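File shown: coords_16.txt (compact mmCIF, C-alpha atoms).
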# COMPACT_ATOMS: atom_id res chain seq x y z
CA MET T 2 -35.04 15.03 -17.07
CA ALA T 3 -36.48 12.35 -19.30
CA THR T 4 -39.43 11.06 -17.29
CA LEU T 5 -40.57 12.49 -14.02
CA SER T 6 -42.47 9.87 -12.09
CA VAL T 7 -45.32 11.90 -10.68
CA CYS T 8 -46.51 9.43 -8.13
CA GLN T 9 -43.33 8.52 -6.30
CA PRO T 10 -41.61 10.97 -3.98
CA GLN T 11 -38.17 12.12 -5.04
CA LEU T 12 -35.21 10.62 -3.23
CA GLY T 13 -31.75 12.03 -2.75
CA GLY T 14 -28.50 10.22 -3.45
CA PHE T 15 -27.16 8.89 -6.74
CA SER T 16 -29.35 9.36 -9.78
CA PHE T 17 -28.93 6.92 -12.66
CA GLU T 18 -31.01 8.87 -15.17
CA ASN T 19 -28.22 9.71 -17.54
CA CYS T 20 -26.48 6.33 -17.62
CA LYS T 21 -28.16 5.09 -20.79
CA ARG T 22 -27.58 8.43 -22.51
CA ASN T 23 -23.90 8.32 -21.50
CA ALA T 24 -23.50 4.79 -22.84
CA VAL T 25 -24.95 5.89 -26.19
CA LEU T 26 -22.71 8.99 -26.25
CA GLU T 27 -19.62 6.93 -25.50
CA ALA T 28 -20.37 4.62 -28.42
CA GLU T 29 -20.90 7.63 -30.75
CA VAL T 30 -17.74 9.37 -29.59
CA THR T 31 -15.48 6.39 -30.25
CA LYS T 32 -16.92 6.23 -33.77
CA LEU T 33 -15.99 9.89 -34.33
CA GLY T 34 -12.55 9.38 -32.87
CA CYS T 35 -12.64 11.86 -29.97
CA ASN T 36 -12.12 11.01 -26.34
CA VAL T 37 -14.55 10.85 -23.47
CA PRO T 38 -13.39 13.11 -20.59
CA SER T 39 -11.60 11.00 -18.01
CA ALA T 40 -11.74 11.30 -14.26
CA ARG T 41 -8.80 12.76 -12.37
CA LYS T 42 -6.94 9.93 -10.62
CA THR T 43 -4.29 10.17 -8.01
CA GLY T 44 -2.04 7.37 -9.50
CA THR T 45 -0.18 7.39 -6.30
CA THR T 46 2.15 5.98 -3.76
CA ILE T 47 0.72 5.92 -0.25
CA CYS T 48 1.96 3.88 2.67
CA GLY T 49 1.81 3.56 6.41
CA VAL T 50 3.84 1.89 9.13
CA VAL T 51 3.29 1.14 12.82
CA PHE T 52 6.18 2.09 15.09
CA LYS T 53 6.71 1.92 18.83
CA ASP T 54 4.42 4.75 19.92
CA GLY T 55 2.12 5.26 16.95
CA ILE T 56 1.70 5.45 13.20
CA VAL T 57 3.56 7.16 10.36
CA LEU T 58 1.55 7.76 7.17
CA GLY T 59 3.21 8.92 3.96
CA ALA T 60 2.03 10.02 0.53
CA ASP T 61 3.36 11.63 -2.64
CA THR T 62 1.64 14.75 -4.04
CA ARG T 63 0.93 14.21 -7.74
CA ALA T 64 -2.57 13.99 -9.27
CA THR T 65 -2.80 12.79 -12.88
CA GLU T 66 -5.49 13.09 -15.53
CA GLY T 67 -4.64 10.49 -18.17
CA MET T 68 -1.09 11.30 -19.22
CA ILE T 69 -1.03 14.84 -17.82
CA VAL T 70 -0.16 15.94 -14.31
CA ALA T 71 -3.29 17.71 -13.10
CA ASP T 72 -2.05 18.84 -9.69
CA LYS T 73 1.63 19.08 -8.74
CA ASN T 74 1.00 19.49 -5.04
CA CYS T 75 -2.22 17.89 -3.96
CA SER T 76 -2.82 16.75 -0.42
CA LYS T 77 -3.55 13.04 -0.13
CA ILE T 78 -3.53 12.66 3.63
CA HIS T 79 -7.06 13.45 4.75
CA TYR T 80 -8.30 14.27 8.23
CA ILE T 81 -10.83 11.84 9.67
CA SER T 82 -10.74 12.72 13.36
CA PRO T 83 -8.18 14.31 15.70
CA ASN T 84 -6.48 10.96 16.22
CA ILE T 85 -7.17 9.28 12.87
CA TYR T 86 -5.87 10.21 9.40
CA CYS T 87 -6.42 8.50 6.05
CA CYS T 88 -4.37 8.46 2.82
CA GLY T 89 -6.35 8.05 -0.39
CA ALA T 90 -5.43 6.58 -3.79
CA GLY T 91 -7.65 6.09 -6.84
CA THR T 92 -10.15 8.59 -8.20
CA ALA T 93 -9.41 11.90 -6.49
CA ALA T 94 -13.03 13.00 -6.04
CA ASP T 95 -14.05 9.63 -4.64
CA THR T 96 -11.33 9.57 -1.98
CA GLU T 97 -12.03 13.20 -1.05
CA MET T 98 -15.81 12.77 -0.63
CA THR T 99 -15.59 9.35 1.02
CA THR T 100 -13.16 10.56 3.67
CA GLN T 101 -15.21 13.69 4.28
CA ILE T 102 -18.43 11.70 4.73
CA ILE T 103 -16.78 9.24 7.10
CA SER T 104 -15.17 12.10 9.01
CA SER T 105 -18.60 13.72 9.50
CA ASN T 106 -20.17 10.45 10.55
CA LEU T 107 -17.39 9.75 13.03
CA GLU T 108 -17.77 13.21 14.50
CA LEU T 109 -21.52 12.68 15.01
CA HIS T 110 -20.85 9.22 16.44
CA SER T 111 -18.23 10.51 18.85
CA LEU T 112 -20.52 13.32 19.97
CA SER T 113 -23.23 10.81 20.71
CA THR T 114 -20.93 8.39 22.57
CA SER T 115 -18.80 11.24 24.05
CA ARG T 116 -15.59 9.24 23.47
CA LEU T 117 -12.63 9.58 21.16
CA PRO T 118 -13.43 7.56 18.02
CA ARG T 119 -11.66 4.26 17.37
CA VAL T 120 -9.86 3.33 14.19
CA ALA T 121 -11.87 0.12 13.95
CA THR T 122 -15.08 2.19 13.80
CA ALA T 123 -13.77 4.25 10.89
CA ASN T 124 -12.63 1.07 9.18
CA ARG T 125 -16.04 -0.58 9.59
CA MET T 126 -17.89 2.49 8.28
CA LEU T 127 -15.62 2.78 5.23
CA LYS T 128 -15.80 -0.91 4.45
CA GLN T 129 -19.60 -1.00 4.62
CA MET T 130 -19.97 2.05 2.40
CA LEU T 131 -17.51 0.84 -0.23
CA PHE T 132 -19.11 -2.61 -0.36
CA ARG T 133 -22.54 -1.07 -0.79
CA TYR T 134 -21.34 0.57 -4.00
CA GLN T 135 -19.61 -2.61 -5.24
CA GLY T 136 -16.33 -0.98 -6.20
CA HIS T 137 -17.84 1.75 -8.38
CA ILE T 138 -16.45 4.26 -5.90
CA GLY T 139 -12.75 3.99 -6.76
CA ALA T 140 -11.15 4.75 -3.43
CA ALA T 141 -8.21 2.72 -2.12
CA LEU T 142 -7.34 3.96 1.36
CA VAL T 143 -4.70 3.57 4.03
CA LEU T 144 -6.30 4.34 7.38
CA GLY T 145 -4.18 4.85 10.47
CA GLY T 146 -4.64 6.23 13.95
CA VAL T 147 -4.03 5.88 17.66
CA ASP T 148 -6.95 5.24 20.01
CA CYS T 149 -7.51 3.83 23.48
CA ASN T 150 -6.31 0.38 22.34
CA GLY T 151 -3.05 1.57 20.79
CA PRO T 152 -1.94 2.28 17.21
CA HIS T 153 -3.84 0.62 14.35
CA LEU T 154 -3.23 0.57 10.60
CA TYR T 155 -5.69 -0.67 7.97
CA SER T 156 -5.66 -0.84 4.20
CA ILE T 157 -9.05 -0.62 2.48
CA TYR T 158 -9.65 -1.66 -1.13
CA PRO T 159 -12.30 -0.14 -3.46
CA HIS T 160 -14.55 -3.21 -3.27
CA GLY T 161 -14.67 -3.13 0.50
CA SER T 162 -12.08 -5.65 1.73
CA THR T 163 -9.76 -4.53 4.50
CA ASP T 164 -6.48 -5.73 6.00
CA LYS T 165 -5.06 -4.91 9.40
CA LEU T 166 -1.28 -5.00 9.10
CA PRO T 167 1.88 -3.44 10.59
CA TYR T 168 2.90 -1.92 7.23
CA VAL T 169 0.81 -1.29 4.11
CA THR T 170 1.21 0.38 0.72
CA MET T 171 -1.39 1.29 -1.91
CA GLY T 172 -1.57 2.95 -5.29
CA SER T 173 0.29 2.51 -8.57
CA GLY T 174 3.67 2.88 -6.82
CA SER T 175 2.77 0.38 -4.09
CA LEU T 176 5.10 -2.33 -5.35
CA ALA T 177 8.13 -0.02 -5.27
CA ALA T 178 7.24 1.17 -1.77
CA MET T 179 6.51 -2.36 -0.54
CA ALA T 180 9.96 -3.47 -1.73
CA VAL T 181 11.54 -0.87 0.58
CA PHE T 182 9.31 -1.92 3.48
CA GLU T 183 9.98 -5.62 3.06
CA ASP T 184 13.69 -4.96 3.15
CA ARG T 185 13.94 -2.60 6.12
CA TYR T 186 10.85 -2.96 8.33
CA LYS T 187 11.50 -3.94 11.96
CA GLN T 188 9.05 -4.23 14.81
CA ASP T 189 8.97 -1.42 17.41
CA MET T 190 11.07 1.13 15.52
CA GLU T 191 11.86 4.57 16.86
CA GLU T 192 10.05 7.59 15.42
CA GLU T 193 13.02 8.90 13.40
CA ASP T 194 13.69 5.47 11.87
CA ALA T 195 10.03 5.06 10.97
CA LYS T 196 9.93 8.51 9.34
CA ARG T 197 13.08 7.75 7.34
CA LEU T 198 11.66 4.38 6.25
CA VAL T 199 8.39 5.89 5.05
CA ARG T 200 10.22 8.72 3.30
CA ASP T 201 12.41 6.24 1.44
CA ALA T 202 9.44 4.08 0.50
CA ILE T 203 7.55 7.04 -0.99
CA ALA T 204 10.73 8.21 -2.74
CA ALA T 205 11.04 4.73 -4.30
CA GLY T 206 7.47 5.11 -5.58
CA ILE T 207 8.14 8.64 -6.86
CA PHE T 208 11.27 7.72 -8.79
CA ASN T 209 10.06 4.41 -10.19
CA ASP T 210 6.41 5.09 -11.01
CA LEU T 211 5.08 7.58 -13.55
CA GLY T 212 1.89 8.13 -11.63
CA SER T 213 3.65 9.44 -8.50
CA GLY T 214 5.84 12.48 -8.14
CA SER T 215 6.57 15.88 -6.60
CA ASN T 216 6.90 16.06 -2.82
CA ILE T 217 6.65 13.64 0.09
CA ASP T 218 4.07 14.35 2.80
CA LEU T 219 4.28 12.66 6.18
CA CYS T 220 1.84 12.42 9.04
CA VAL T 221 3.07 11.14 12.41
CA ILE T 222 0.28 10.18 14.83
CA THR T 223 1.04 9.35 18.45
CA LYS T 224 -1.10 9.36 21.55
CA GLY T 225 -2.04 12.98 22.07
CA ARG T 226 0.04 14.47 19.23
CA VAL T 227 -0.25 14.66 15.45
CA ASP T 228 2.56 16.05 13.25
CA TYR T 229 1.34 16.84 9.75
CA LEU T 230 4.56 17.47 7.81
CA ARG T 231 3.66 18.97 4.47
CA PRO T 232 6.02 18.95 2.66
CA HIS T 233 8.40 16.76 4.52
CA ASP T 234 10.77 16.44 1.59
CA MET T 235 10.83 17.98 -1.86
CA ALA T 236 12.13 15.14 -3.97
CA ASN T 237 11.47 16.79 -7.34
CA LYS T 238 12.39 20.48 -7.41
CA LYS T 239 11.85 22.36 -10.67
CA GLY T 240 15.05 23.65 -12.27
CA VAL T 241 17.41 21.80 -9.92
CA ARG T 242 18.97 18.53 -10.83
CA CYS T 243 18.16 15.71 -8.40
CA VAL T 244 20.42 15.86 -5.34
CA TYR T 245 21.36 12.64 -3.63
CA GLU T 246 22.11 12.67 0.06
CA HIS T 247 25.79 11.75 -0.26
CA GLU T 248 26.66 14.70 -2.59
CA ALA T 249 28.06 17.75 -0.79
CA LEU T 250 26.71 20.73 -2.73
CA PRO T 251 24.08 21.03 -5.45
CA HIS T 252 25.66 22.32 -8.68
CA GLN T 253 24.08 25.12 -10.63
CA THR T 254 22.25 23.93 -13.70
CA GLY T 255 23.08 25.31 -17.13
CA ASN T 256 26.34 27.05 -16.26
CA TYR T 257 28.28 26.57 -19.47
CA LYS T 258 30.72 29.53 -19.15
CA TYR T 259 34.40 28.75 -19.40
CA LYS T 260 36.93 30.12 -16.90
CA GLN T 261 38.95 33.17 -17.92
CA GLY T 262 42.29 32.00 -19.36
CA THR T 263 40.99 28.68 -20.78
CA THR T 264 41.93 29.83 -24.31
CA GLY T 265 45.58 30.92 -24.67
CA VAL T 266 46.21 34.41 -26.20
CA LEU T 267 48.82 34.49 -29.05
CA THR T 268 48.81 38.14 -30.28
CA LYS T 269 46.98 41.32 -29.35
CA SER T 270 46.52 44.46 -31.53
CA VAL T 271 44.44 47.59 -30.66
CA ILE T 272 43.11 49.87 -33.48
CA LYS T 273 41.75 53.24 -32.36
CA LEU T 274 38.65 54.56 -34.23
CA ASP T 275 38.55 58.38 -34.64
CA LEU T 276 34.99 59.53 -34.36
CA GLU T 277 34.16 63.22 -35.10
CA VAL T 278 31.10 64.96 -33.67
CA VAL T 279 28.96 65.95 -36.74
CA GLU T 280 25.76 67.34 -35.28
CA GLU T 281 24.43 68.00 -31.83
CA THR T 282 20.72 68.61 -31.17
CA VAL T 283 18.78 68.98 -27.93
CA GLN T 284 15.11 68.12 -27.73
CA THR T 285 13.24 69.40 -24.64
CA MET T 286 10.80 66.94 -23.05
CA ASP T 287 7.28 68.13 -22.40
CA THR T 288 6.81 67.42 -18.71
CA SER T 289 3.41 68.98 -18.17
CA MET C 21 -57.57 16.43 4.81
CA PRO C 22 -58.04 12.97 6.38
CA LEU C 23 -54.42 11.87 6.77
CA SER C 24 -55.33 8.32 7.69
CA GLN C 25 -56.31 7.70 4.09
CA LEU C 26 -52.91 8.64 2.66
CA LYS C 27 -51.22 5.76 0.88
CA ASP C 28 -47.73 4.76 1.91
CA SER C 29 -45.63 4.81 -1.23
CA VAL C 30 -43.54 1.65 -1.14
CA PRO C 31 -41.27 1.28 -4.15
CA VAL C 32 -41.71 -1.92 -6.13
CA THR C 33 -38.73 -4.25 -6.28
CA GLY C 34 -37.52 -4.91 -9.80
CA MET C 35 -38.03 -2.84 -12.91
CA GLY C 36 -41.38 -4.21 -14.26
CA PRO C 37 -43.69 -2.31 -16.64
CA GLN C 38 -45.63 0.52 -15.06
CA VAL C 39 -49.20 -0.67 -15.56
CA GLY C 40 -51.97 1.80 -14.97
CA ALA C 41 -55.68 1.43 -14.42
CA TYR C 42 -56.49 -0.61 -17.54
CA GLY C 43 -53.47 -2.92 -17.49
CA VAL C 44 -51.67 -0.89 -20.18
CA GLN C 45 -48.61 1.36 -20.02
CA ASP C 46 -49.68 4.55 -18.28
CA THR C 47 -48.05 7.24 -20.38
CA LEU C 48 -49.55 10.11 -18.41
CA ARG C 49 -47.93 9.13 -15.15
CA SER C 50 -44.78 7.24 -16.01
CA GLY C 51 -43.79 8.73 -19.33
CA PHE C 52 -42.93 7.02 -22.59
CA SER C 53 -41.77 3.45 -22.33
CA SER C 54 -39.27 1.31 -24.13
CA VAL C 55 -38.64 -2.38 -23.69
CA LYS C 56 -34.92 -1.85 -23.15
CA ASN C 57 -35.55 0.59 -20.31
CA GLU C 58 -37.68 -1.92 -18.49
CA LEU C 59 -35.76 -5.13 -19.05
CA LEU C 60 -32.30 -4.00 -18.09
CA PRO C 61 -31.22 -1.49 -15.48
CA SER C 62 -29.09 1.32 -16.90
CA HIS C 63 -26.42 0.84 -14.25
CA ALA C 64 -25.32 -2.15 -12.21
CA LEU C 65 -26.15 -0.33 -8.98
CA GLU C 66 -29.55 1.03 -9.99
CA LEU C 67 -31.69 -1.80 -8.62
CA SER C 68 -29.66 -2.35 -5.50
CA GLU C 69 -29.71 1.34 -4.65
CA LYS C 70 -33.46 1.68 -5.25
CA ASN C 71 -34.18 -1.07 -2.76
CA PHE C 72 -31.29 -0.55 -0.38
CA GLN C 73 -33.24 0.97 2.49
CA LEU C 74 -36.02 -1.61 2.16
CA ASN C 75 -33.59 -4.51 2.21
CA GLN C 76 -31.71 -3.11 5.19
CA ASP C 77 -34.97 -2.74 7.11
CA LYS C 78 -36.08 -6.26 6.22
CA MET C 79 -32.77 -7.68 7.37
CA ASN C 80 -32.80 -5.71 10.62
CA PHE C 81 -36.38 -6.63 11.43
CA SER C 82 -35.81 -10.31 10.82
CA ASN C 83 -32.68 -10.25 13.00
CA LEU C 84 -34.66 -8.50 15.72
CA ARG C 85 -37.42 -11.08 15.46
CA ASN C 86 -34.96 -13.93 15.82
CA ILE C 87 -33.21 -12.37 18.79
CA GLN C 88 -36.00 -10.77 20.78
CA GLY C 89 -39.20 -12.35 19.52
CA LEU C 90 -42.07 -11.14 17.38
CA HIS C 91 -43.07 -8.26 19.62
CA ALA C 92 -39.91 -6.23 18.90
CA PRO C 93 -40.30 -5.70 15.13
CA LEU C 94 -44.06 -5.32 15.51
CA LYS C 95 -43.70 -2.53 18.03
CA LEU C 96 -41.06 -0.80 15.93
CA GLN C 97 -43.10 -1.05 12.77
CA MET C 98 -46.09 0.42 14.55
CA GLU C 99 -43.97 3.38 15.61
CA TYR C 100 -42.61 3.78 12.08
CA ARG C 101 -46.12 3.76 10.66
CA ALA C 102 -47.22 6.44 13.09
CA ALA C 103 -44.17 8.62 12.42
CA ARG C 104 -44.50 8.22 8.66
CA GLN C 105 -47.88 9.88 8.73
CA ILE C 106 -46.46 13.15 10.01
CA GLN C 107 -45.82 14.82 6.70
CA ARG C 108 -46.92 17.64 4.49
CA LEU C 109 -48.88 17.20 1.25
CA PRO C 110 -46.98 15.01 -1.24
CA PHE C 111 -45.69 17.73 -3.56
CA LEU C 112 -44.14 19.74 -0.69
CA GLN C 113 -40.91 18.86 1.06
CA SER C 114 -41.52 17.37 4.49
CA SER C 115 -38.69 17.04 6.98
CA HIS C 116 -39.60 13.50 8.20
CA LEU C 117 -38.06 14.49 11.53
CA ALA C 118 -39.85 11.89 13.66
CA LEU C 119 -39.16 9.11 11.18
CA ASP C 120 -35.48 10.06 10.90
CA THR C 121 -35.05 10.12 14.65
CA LEU C 122 -36.63 6.69 15.00
CA LYS C 123 -34.51 5.22 12.24
CA GLY C 124 -31.33 6.86 13.48
CA ASN C 125 -30.80 8.84 10.28
CA ASP C 126 -30.37 12.05 12.28
CA GLU C 127 -26.95 10.80 13.43
CA SER C 128 -25.46 9.91 10.08
CA ILE C 129 -24.68 11.60 6.78
CA SER C 130 -24.66 9.72 3.50
CA PHE C 131 -24.93 10.43 -0.20
CA GLU C 132 -28.71 10.86 0.18
CA ASP C 133 -28.10 14.06 2.13
CA ILE C 134 -25.39 15.48 -0.10
CA LEU C 135 -26.26 14.57 -3.67
CA ASN C 136 -29.51 15.33 -5.44
CA ASP C 137 -31.24 16.90 -2.45
CA PRO C 138 -34.99 16.79 -3.25
CA ALA C 139 -35.45 20.18 -1.59
CA GLN C 140 -33.18 21.68 -4.27
CA SER C 141 -34.66 19.93 -7.30
CA GLU C 142 -35.49 22.14 -10.27
CA MET C 143 -38.79 20.46 -11.05
CA MET C 144 -41.88 20.25 -8.91
CA GLY C 145 -44.43 17.50 -9.17
CA GLU C 146 -47.89 18.41 -10.43
CA PRO C 147 -49.75 19.12 -7.14
CA HIS C 148 -53.27 17.99 -8.09
CA ILE C 149 -52.21 14.70 -9.62
CA MET C 150 -49.86 13.86 -6.77
CA VAL C 151 -52.49 14.52 -4.10
CA GLU C 152 -55.13 12.56 -6.01
CA TYR C 153 -52.75 9.62 -6.34
CA LYS C 154 -51.92 9.70 -2.67
CA LEU C 155 -55.59 9.74 -1.68
CA GLY C 156 -56.27 6.86 -3.99
CA MET C 157 -58.70 8.81 -6.15
CA MET C 158 -56.73 8.11 -9.32

Show me the file's structure as structure tokens.
Amino acid sequence: MATLSVCQPQLGGFSFENCKRNAVLEAEVTKLGCNVPSARKTGTTICGVVFKDGIVLGADTRATEGMIVADKNCSKIHYISPNIYCCGAGTAADTEMTTQIISSNLELHSLSTSRLPRVATANRMLKQMLFRYQGHIGAALVLGGVDCNGPHLYSIYPHGSTDKLPYVTMGSGSLAAMAVFEDRYKQDMEEEDAKRLVRDAIAAGIFNDLGSGSNIDLCVITKGRVDYLRPHDMANKKGVRCVYEHEALPHQTGNYKYKQGTTGVLTKSVIKLDLEVVEETVQTMDTS
Amino acid sequence: MPLSQLKDSVPVTGMGPQVGAYGVQDTLRSGFSSVKNELLPSHALELSEKNFQLNQDKMNFSNLRNIQGLHAPLKLQMEYRAARQIQRLPFLQSSHLALDTLKGNDESISFEDILNDPAQSEMMGEPHIMVEYKLGMM
């Protein structure tokens, strides 16, 4: 620690002591040609949709660190309260810690009011926290849940603005997923239709965006029931070529053997080799 | 130890130079100085985070004054002042339980409780100097 201020009491929370040192280090490192370590992002496709009885949230499962896949099966749908779940895109640590803090605060709040928490409460808490940190906490969230007033779906941006909409997408694959939603969204869908729509939207993000990949996770929230389907669909299996739904059977990869009889046989001659036994020795094994 | 003489440590808004007794930089208490450190904050959020609690309180008290009249913030501030005095000596960790309950901090968790917990810090303040500063002897 550079200077310890003796007279003022120490406070918790973020400490900005090393910021100047980091700025100097970054300048030095670019001169030398190395790279500063980068944060792990979730370069993601997340989306949510409101259907007749509740909410369906969907997310892919890839976490990237620059150009490398850091986690092939990470869980992006976070628990906030028994009736509220939140998908997170952006910096992985930020989404994880933000949702955990809000989940704890909601739990304390619901214990003190002795009621099931509302989605609007979670939205307000998230928005106030993210605005306080002016976007430096890189968490883009899709918050959805069912409370006493029905199903609600919000999208929350890193700087603190929120939107309350019937269908939302976030992350690097959000445009691909939004294209699917804009085409096929209808009001008051059934649960199976909503699940298929969200699955197709996430699949569009997975196949068209480098930052998203691996499996599709779904979370269906209705009044009194939550189905956390992980994985709902394995879109990218290792070692198997991609199977589309209209193909009957998956073919085996790498089977390059020809059938017997592909090459025609013209002539066949058998030469017998006479081998004589020259020497025969027996060596006993020591089995002690 | 007469607690009524303890100074409330209110952080100063802005970064200004740390002047000591003779109007000069006080190296003993605030360390070595550099003009760059004092003119510009090292991070965009540094100033706003340092004063966040103060600004929140100011805003809440002025709202309360406009809605309920002068008596409401006055009464609350009197209670805060009384609760703030319940603490250990400055270099020890006090729980601030009464103050937290009054402010409502016992029902919320934020980064102040998770990151950089002062109870877990590796360095301890120099006891004699801290107590002398608090009592106003320095």

- Hey, can you check how far atom CA of T:Ser76 sits from atom CA of T:Thr62? 6.1 Å

- Item | Counting only C-alpha atoms, the residue of T:Ile85, T:Ala60, T:Met190, T:Met130 that sits nearest T:Gly161 |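 For T:Gly161, the nearest of the given residues is T:Met130.
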
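Between atom CA of T:Cys87 and atom CA of T:Thr100 the separation is 7.4 Å.
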
- Would you please work out which residue, of T:Asn216, T:Thr170, T:Thr46, T:Gln135, is nearest to chain C when using only C-alpha atoms?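 The closest residue to chain C is T:Gln135.
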
- For atom CA of T:Leu127 and atom CA of T:Ile103, determine how far apart the two atoms are, in Å to one decimal place.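 Going from atom CA of T:Leu127 over to atom CA of T:Ile103, I get 6.8 Å.
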
Restore N, CA and C atoms in stretch 63-80 of chain C and list the result as a compact mmCIF listing (two decimals), in the coordinates of the input.
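Result written to rebuild.txt:
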# COMPACT_ATOMS: atom_id res chain seq x y z
N HIS C 63 -27.69 0.90 -14.96
CA HIS C 63 -26.42 0.84 -14.25
C HIS C 63 -26.49 -0.35 -13.30
N ALA C 64 -25.32 -0.95 -13.04
CA ALA C 64 -25.32 -2.15 -12.21
C ALA C 64 -25.89 -1.88 -10.82
N LEU C 65 -25.74 -0.63 -10.36
CA LEU C 65 -26.15 -0.33 -8.98
C LEU C 65 -27.58 0.15 -8.87
N GLU C 66 -28.27 0.33 -10.05
CA GLU C 66 -29.55 1.03 -9.99
C GLU C 66 -30.56 0.28 -9.13
N LEU C 67 -30.71 -1.02 -9.38
CA LEU C 67 -31.69 -1.80 -8.62
C LEU C 67 -31.32 -1.88 -7.15
N SER C 68 -30.04 -2.15 -6.89
CA SER C 68 -29.66 -2.35 -5.50
C SER C 68 -29.80 -1.06 -4.71
N GLU C 69 -29.57 0.09 -5.37
CA GLU C 69 -29.71 1.34 -4.65
C GLU C 69 -31.17 1.70 -4.42
N LYS C 70 -32.04 1.36 -5.40
CA LYS C 70 -33.46 1.68 -5.25
C LYS C 70 -34.04 0.97 -4.04
N ASN C 71 -33.59 -0.28 -3.84
CA ASN C 71 -34.18 -1.07 -2.76
C ASN C 71 -33.32 -1.17 -1.53
N PHE C 72 -32.26 -0.36 -1.46
CA PHE C 72 -31.29 -0.55 -0.38
C PHE C 72 -31.94 -0.39 0.98
N GLN C 73 -32.67 0.72 1.16
CA GLN C 73 -33.24 0.97 2.49
C GLN C 73 -34.23 -0.13 2.87
N LEU C 74 -35.06 -0.53 1.91
CA LEU C 74 -36.02 -1.61 2.16
C LEU C 74 -35.33 -2.88 2.61
N ASN C 75 -34.28 -3.26 1.87
CA ASN C 75 -33.59 -4.51 2.21
C ASN C 75 -32.91 -4.43 3.57
N GLN C 76 -32.33 -3.28 3.87
CA GLN C 76 -31.71 -3.11 5.19
C GLN C 76 -32.76 -3.29 6.29
N ASP C 77 -33.92 -2.64 6.10
CA ASP C 77 -34.97 -2.74 7.11
C ASP C 77 -35.43 -4.17 7.28
N LYS C 78 -35.63 -4.85 6.14
CA LYS C 78 -36.08 -6.26 6.22
C LYS C 78 -35.10 -7.09 7.01
N MET C 79 -33.79 -6.89 6.71
CA MET C 79 -32.77 -7.68 7.37
C MET C 79 -32.76 -7.38 8.87
N ASN C 80 -32.83 -6.08 9.21
CA ASN C 80 -32.80 -5.71 10.62
C ASN C 80 -34.00 -6.24 11.37
